[in-house]
There are 2 protein chains.
Amino acid sequence: MHDQVPIGEAARVSGVKVPTIRYYEEIGLLPKPPRTGGNRRLYGPEHLRRLAFIRHARELGFEPEAIRTLLSLQDEPGQSCAPADSIARLRLAEVEDRIRRLESLKAELRRMIDGCGHGSVAECRVIESLTAPAGTGGEGS
Amino acid sequence: MHDQVPIGEAARVSGVKVPTIRYYEEIGLLPKPPRTGGNRRLYGPEHLRRLAFIRHARELGFEPEAIRTLLSLQDEPGQSCAPADSIARLRLAEVEDRIRRLESLKAELRRMIDGCGHGSVAECRVIESLTAPAGTGGEGS
DNA sequence: CCTACTTCCTCCAGTGGCTGGAGGAGCAAG
DNA sequence: CTTGCTCCTCCAGCCACTGGAGGAAGTAGG
């Protein structure tokens with residue numbers, strides 16, 4: 001079978017655009033594939049798996065740096081998966097916080113819409129709903 | 001009291017960096033504040049509230065354009081209901097969609113983490129679920 | 001073999017949303 | 001007046017892509 005595919009095919013099967021694949025290679029997320037005599041990239045199953053991994057991780061909101069870490073872990077299967085676990089846990093916490101705040105914003109928007117129909121907009125507390133959020137008021141990063 | 005603060009102070013209390021505040025002004029997210037005789041910006045409580053709002057909304061992933069419309073809800077209380085209502089409904093739909101996506105993301109992250117036996121990477125569910133995401137061609141082997 | 005067409009190559013410029021530095025002016029304290 | 005800080009504007013850079021120009025390589029048909 002064609003287990004060596006050119007970049008266009010790799011893009012099709014992975015759902016990552018061609019320039020983005022080249023970009024991932026450039027920043028070292030994706031290893032440089034072998035080339036044909038005519039200088040075209042040829043991707044094998046291993047590359048495609050990695051590409052799918054990267055794409056999926058990006059969809060989950062992991063940043064390239066985190067992905068790099070996850071990939072390096074993947075490369076050394078004997079190691080403890082604690083770092084991977086903590087990366088995922090961190091991301092989960094972020095997601096949960098976001099959900100909480102969106103819920104509060106949603107409640108406020110709903111309240112405004114429901115209060116509507118009396119001719120004018122209900123008193124708007126959209127700002128309060130976000131400025132006094134459920135999360136730790138503190139800052140990060 | 002100083003209910004009129006310079007930009008540095010505004011940055012401190014809002015958690016938005018000084019250049020970013022100026023950037024928000026430039027793109028019209030934050031109204032231009034009055035200036036002192038010496039051409040310095042002076043922010044009042046209203047500006048500060050807005051700034052905090054923008055920050056939270058950005059953290060939640062709203063684009064400046066969406067934030068603008070969100071802010072417009074606040075700016076025109078008592079106005080005719082129709083436009084504000086439709087904006088609010090639009091945002092509500094967006095928020096609900098966002099929440100849905102985040103919930104499914106959260107479920108996936110949770111599955112990854114719960115499946116992780118805290119052993120070695122070889123059996124790590126976190127890595128594995130990224131490598132073989134749901135529904136990648138049924139593969140046996 | 002030649003031609004037409006597609007896919008690929010590299011390089012480079014642009015995008016959005018900031019971020020930070022240079023060079024200079026304002027202002028408060030000593 | 002001098003020191004030292006904050007502030008001003010302008011502008012270049014960053015990240016994660018995205019897309020276009022100009023050209024070479026592969027493929028299908030005549």
# chains A, B, ... in the order shown; residues from 1 in each chain; ligands from 1

$ residues_around --residues "stretch 112-121 of chain B" --least-positions-apart "5" --cutoff "9 Å" --atoms "only C-alpha atoms (C1' of nucleotides)" --output "VMD selection string"
(chain A and resid 73 to 82 84 to 86 88 to 89) or (chain B and resid 107 126 to 130)

$ write_last_selection --atoms "C-alpha atoms" --output "PDB file, in the first residue's frame"
ATOM      1  CA  LEU A  73       6.965  11.701  26.640  1.00  0.00           C
ATOM      2  CA  GLN A  74       5.493   9.614  23.911  1.00  0.00           C
ATOM      3  CA  ASP A  75       8.955   9.023  22.596  1.00  0.00           C
ATOM      4  CA  GLU A  76      10.113   7.522  25.853  1.00  0.00           C
ATOM      5  CA  PRO A  77       7.453   5.040  26.838  1.00  0.00           C
ATOM      6  CA  GLY A  78       9.325   3.738  29.849  1.00  0.00           C
ATOM      7  CA  GLN A  79       9.069   6.986  31.744  1.00  0.00           C
ATOM      8  CA  SER A  80       6.485   7.948  34.280  1.00  0.00           C
ATOM      9  CA  CYS A  81       3.427   9.566  32.838  1.00  0.00           C
ATOM     10  CA  ALA A  82       3.110  11.970  35.743  1.00  0.00           C
ATOM     11  CA  ALA A  84       1.487  14.139  31.041  1.00  0.00           C
ATOM     12  CA  ASP A  85      -1.055  13.673  33.745  1.00  0.00           C
ATOM     13  CA  SER A  86      -0.333  17.038  35.277  1.00  0.00           C
ATOM     14  CA  ALA A  88      -3.876  17.299  31.316  1.00  0.00           C
ATOM     15  CA  ARG A  89      -5.062  18.161  34.814  1.00  0.00           C
TER      16      ARG A  89
ATOM     17  CA  ALA B 107     -15.306  14.996  29.369  1.00  0.00           C
ATOM     18  CA  VAL B 126      -3.496  10.677  28.226  1.00  0.00           C
ATOM     19  CA  ILE B 127      -0.951  10.073  25.521  1.00  0.00           C
ATOM     20  CA  GLU B 128      -2.839   7.241  23.993  1.00  0.00           C
ATOM     21  CA  SER B 129      -6.068   9.139  23.605  1.00  0.00           C
ATOM     22  CA  LEU B 130      -4.222  11.834  21.781  1.00  0.00           C
TER      23      LEU B 130
END

$ residues_around --residues "D:DC10" --least-positions-apart "5" --cutoff "12 Å" --atoms "only C-alpha atoms (C1' of nucleotides)" --output "VMD selection string"
chain C and resid 21 to 24

$ select_by_dssp --residues "chain A" --states "strand (DSSP E or B)" --output "list of chain:residue names"
A:Val5, A:Arg35, A:Arg41, A:Tyr43, A:Ser80, A:Ser120

$ write_last_selection --atoms "C-alpha atoms" --output "PDB file, in the first residue's frame"
ATOM      1  CA  VAL A   5       2.225   9.893   1.092  1.00  0.00           C
ATOM      2  CA  ARG A  35      12.247  13.482   0.584  1.00  0.00           C
ATOM      3  CA  ARG A  41       8.231  15.347   1.451  1.00  0.00           C
ATOM      4  CA  TYR A  43       5.131  10.971   5.089  1.00  0.00           C
ATOM      5  CA  SER A  80       6.485   7.948  34.280  1.00  0.00           C
ATOM      6  CA  SER A 120     -36.809  48.579  26.858  1.00  0.00           C
TER       7      SER A 120
END

$ calpha_fit_rmsd --fixed "chain A" --moving "chain B"
6.8 Å

$ closest_atom_pairs --of "chain B" --to "chain C" --cutoff "12 Å" --atoms "only C-alpha atoms (C1' of nucleotides)" --output "JSON lines"
{"residue": "B:Val16", "atom": "CA", "partner": "C:DC18", "partner_atom": "C1'", "distance": 10.9}
{"residue": "B:Lys17", "atom": "CA", "partner": "C:DT19", "partner_atom": "C1'", "distance": 9.0}
{"residue": "B:Val18", "atom": "CA", "partner": "C:DT19", "partner_atom": "C1'", "distance": 9.8}
{"residue": "B:Pro19", "atom": "CA", "partner": "C:DT19", "partner_atom": "C1'", "distance": 7.2}
{"residue": "B:Thr20", "atom": "CA", "partner": "C:DC18", "partner_atom": "C1'", "distance": 6.5}
{"residue": "B:Ile21", "atom": "CA", "partner": "C:DC18", "partner_atom": "C1'", "distance": 10.1}
{"residue": "B:Arg22", "atom": "CA", "partner": "C:DC18", "partner_atom": "C1'", "distance": 10.6}
{"residue": "B:Tyr23", "atom": "CA", "partner": "C:DC18", "partner_atom": "C1'", "distance": 7.9}
{"residue": "B:Tyr24", "atom": "CA", "partner": "C:DC18", "partner_atom": "C1'", "distance": 9.7}
{"residue": "B:Ile27", "atom": "CA", "partner": "C:DG17", "partner_atom": "C1'", "distance": 10.6}
{"residue": "B:Thr36", "atom": "CA", "partner": "C:DG26", "partner_atom": "C1'", "distance": 10.1}
{"residue": "B:Gly37", "atom": "CA", "partner": "C:DG26", "partner_atom": "C1'", "distance": 9.3}
{"residue": "B:Gly38", "atom": "CA", "partner": "C:DG26", "partner_atom": "C1'", "distance": 5.9}
{"residue": "B:Asn39", "atom": "CA", "partner": "C:DG26", "partner_atom": "C1'", "distance": 8.4}
{"residue": "B:Arg40", "atom": "CA", "partner": "C:DG26", "partner_atom": "C1'", "distance": 8.6}
{"residue": "B:Arg58", "atom": "CA", "partner": "C:DG17", "partner_atom": "C1'", "distance": 10.2}
{"residue": "B:Gly61", "atom": "CA", "partner": "C:DG17", "partner_atom": "C1'", "distance": 11.8}
{"residue": "B:Phe62", "atom": "CA", "partner": "C:DG17", "partner_atom": "C1'", "distance": 11.9}
{"residue": "B:Glu63", "atom": "CA", "partner": "C:DG17", "partner_atom": "C1'", "distance": 9.6}
{"residue": "B:Pro64", "atom": "CA", "partner": "C:DG17", "partner_atom": "C1'", "distance": 9.3}
{"residue": "B:Glu65", "atom": "CA", "partner": "C:DG16", "partner_atom": "C1'", "distance": 12.0}

$ decode --residues "stretch 4-133 of chain B" --atoms "C-alpha atoms" --output "tab-separated table (two decimals), in the first residue's frame"
chain	number	residue	atom	x	y	z
B	4	GLN	CA	-9.13	59.23	38.47
B	5	VAL	CA	-6.06	57.13	38.02
B	6	PRO	CA	-3.19	57.15	35.53
B	7	ILE	CA	-2.61	54.29	33.17
B	8	GLY	CA	-0.07	52.48	35.32
B	9	GLU	CA	-2.52	52.28	38.19
B	10	ALA	CA	-5.28	51.20	35.84
B	11	ALA	CA	-3.01	48.42	34.64
B	12	ARG	CA	-2.30	47.33	38.19
B	13	VAL	CA	-5.91	47.15	39.30
B	14	SER	CA	-7.28	45.63	36.10
B	15	GLY	CA	-4.53	43.19	35.41
B	16	VAL	CA	-4.25	44.46	31.85
B	17	LYS	CA	-0.82	45.61	30.79
B	18	VAL	CA	-0.19	49.25	29.97
B	19	PRO	CA	0.52	48.77	26.25
B	20	THR	CA	-2.53	46.54	26.00
B	21	ILE	CA	-4.73	49.23	27.50
B	22	ARG	CA	-3.46	51.67	24.91
B	23	TYR	CA	-4.06	49.04	22.26
B	24	TYR	CA	-7.67	48.59	23.38
B	25	GLU	CA	-8.13	52.30	23.11
B	26	GLU	CA	-6.62	52.29	19.66
B	27	ILE	CA	-8.99	49.63	18.36
B	28	GLY	CA	-11.92	51.36	20.00
B	29	LEU	CA	-12.73	48.82	22.68
B	30	LEU	CA	-12.01	51.23	25.45
B	31	PRO	CA	-13.22	54.80	25.06
B	32	LYS	CA	-10.58	57.47	24.99
B	33	PRO	CA	-10.14	58.76	28.51
B	34	PRO	CA	-9.68	62.42	29.32
B	35	ARG	CA	-6.11	63.66	29.57
B	36	THR	CA	-4.33	65.83	32.05
B	37	GLY	CA	-2.70	69.08	31.00
B	38	GLY	CA	0.45	67.07	30.55
B	39	ASN	CA	-1.29	64.74	28.09
B	40	ARG	CA	-1.59	61.79	30.45
B	41	ARG	CA	-4.60	59.49	30.37
B	42	LEU	CA	-6.86	59.57	33.41
B	43	TYR	CA	-9.16	56.66	34.07
B	44	GLY	CA	-12.24	56.75	36.26
B	45	PRO	CA	-14.14	53.84	37.83
B	46	GLU	CA	-16.21	53.37	34.71
B	47	HIS	CA	-13.15	52.84	32.58
B	48	LEU	CA	-11.72	50.45	35.10
B	49	ARG	CA	-14.86	48.37	35.15
B	50	ARG	CA	-14.85	48.20	31.39
B	51	LEU	CA	-11.25	47.21	31.34
B	52	ALA	CA	-11.84	44.36	33.76
B	53	PHE	CA	-14.78	43.27	31.68
B	54	ILE	CA	-12.74	43.25	28.50
B	55	ARG	CA	-10.06	41.23	30.18
B	56	HIS	CA	-12.47	38.58	31.37
B	57	ALA	CA	-14.26	38.45	28.08
B	58	ARG	CA	-10.95	37.99	26.27
B	59	GLU	CA	-10.04	35.20	28.64
B	60	LEU	CA	-13.30	33.56	27.75
B	61	GLY	CA	-12.30	33.70	24.13
B	62	PHE	CA	-14.56	36.46	22.84
B	63	GLU	CA	-13.19	38.41	19.98
B	64	PRO	CA	-12.99	42.18	20.17
B	65	GLU	CA	-15.96	42.50	17.86
B	66	ALA	CA	-18.15	40.36	20.12
B	67	ILE	CA	-16.96	42.28	23.13
B	68	ARG	CA	-17.91	45.50	21.44
B	69	THR	CA	-21.48	44.33	21.01
B	70	LEU	CA	-21.57	42.98	24.53
B	71	LEU	CA	-20.47	46.35	25.80
B	72	SER	CA	-23.07	48.06	23.69
B	73	LEU	CA	-25.74	46.28	25.72
B	74	GLN	CA	-24.45	48.03	28.75
B	75	ASP	CA	-24.16	51.37	27.05
B	76	GLU	CA	-27.72	51.71	25.95
B	77	PRO	CA	-30.02	50.82	28.78
B	78	GLY	CA	-33.57	51.91	28.32
B	79	GLN	CA	-33.16	51.93	24.58
B	80	SER	CA	-35.41	50.16	22.24
B	81	CYS	CA	-35.42	46.52	22.96
B	82	ALA	CA	-35.10	45.02	19.54
B	83	PRO	CA	-31.47	45.62	18.63
B	84	ALA	CA	-30.16	44.89	22.08
B	85	ASP	CA	-32.30	41.82	22.28
B	86	SER	CA	-30.97	40.40	19.08
B	87	ILE	CA	-27.41	41.08	20.12
B	88	ALA	CA	-28.01	39.43	23.45
B	89	ARG	CA	-29.58	36.43	21.76
B	90	LEU	CA	-26.69	36.13	19.38
B	91	ARG	CA	-24.21	36.23	22.21
B	92	LEU	CA	-26.27	33.79	24.21
B	93	ALA	CA	-26.20	31.31	21.38
B	94	GLU	CA	-22.49	31.79	21.10
B	95	VAL	CA	-21.99	31.30	24.80
B	96	GLU	CA	-24.10	28.17	24.81
B	97	ASP	CA	-22.18	26.75	21.90
B	98	ARG	CA	-18.93	27.53	23.64
B	99	ILE	CA	-20.12	25.82	26.78
B	100	ARG	CA	-21.16	22.75	24.84
B	101	ARG	CA	-17.78	22.46	23.22
B	102	LEU	CA	-15.99	22.96	26.48
B	103	GLU	CA	-18.13	20.34	28.18
B	104	SER	CA	-17.20	17.74	25.61
B	105	LEU	CA	-13.61	18.77	25.87
B	106	LYS	CA	-13.81	18.48	29.62
B	107	ALA	CA	-15.31	15.00	29.37
B	108	GLU	CA	-12.49	13.93	27.12
B	109	LEU	CA	-9.85	15.34	29.39
B	110	ARG	CA	-11.47	13.66	32.36
B	111	ARG	CA	-11.51	10.33	30.56
B	112	MET	CA	-7.86	10.74	29.74
B	113	ILE	CA	-6.93	11.56	33.28
B	114	ASP	CA	-9.11	8.93	34.89
B	115	GLY	CA	-7.77	6.31	32.55
B	116	CYS	CA	-4.23	7.16	33.48
B	117	GLY	CA	-2.88	4.51	35.80
B	118	HIS	CA	-0.04	6.77	36.92
B	119	GLY	CA	2.39	4.23	35.71
B	120	SER	CA	4.62	4.57	32.73
B	121	VAL	CA	3.94	6.40	29.53
B	122	ALA	CA	3.46	3.08	27.80
B	123	GLU	CA	0.10	2.62	29.46
B	124	CYS	CA	-0.74	6.26	29.71
B	125	ARG	CA	-4.23	7.00	28.63
B	126	VAL	CA	-3.50	10.68	28.23
B	127	ILE	CA	-0.95	10.07	25.52
B	128	GLU	CA	-2.84	7.24	23.99
B	129	SER	CA	-6.07	9.14	23.61
B	130	LEU	CA	-4.22	11.83	21.78
B	131	THR	CA	-2.54	9.35	19.51
B	132	ALA	CA	-5.69	7.45	18.59
B	133	PRO	CA	-8.52	9.90	18.88
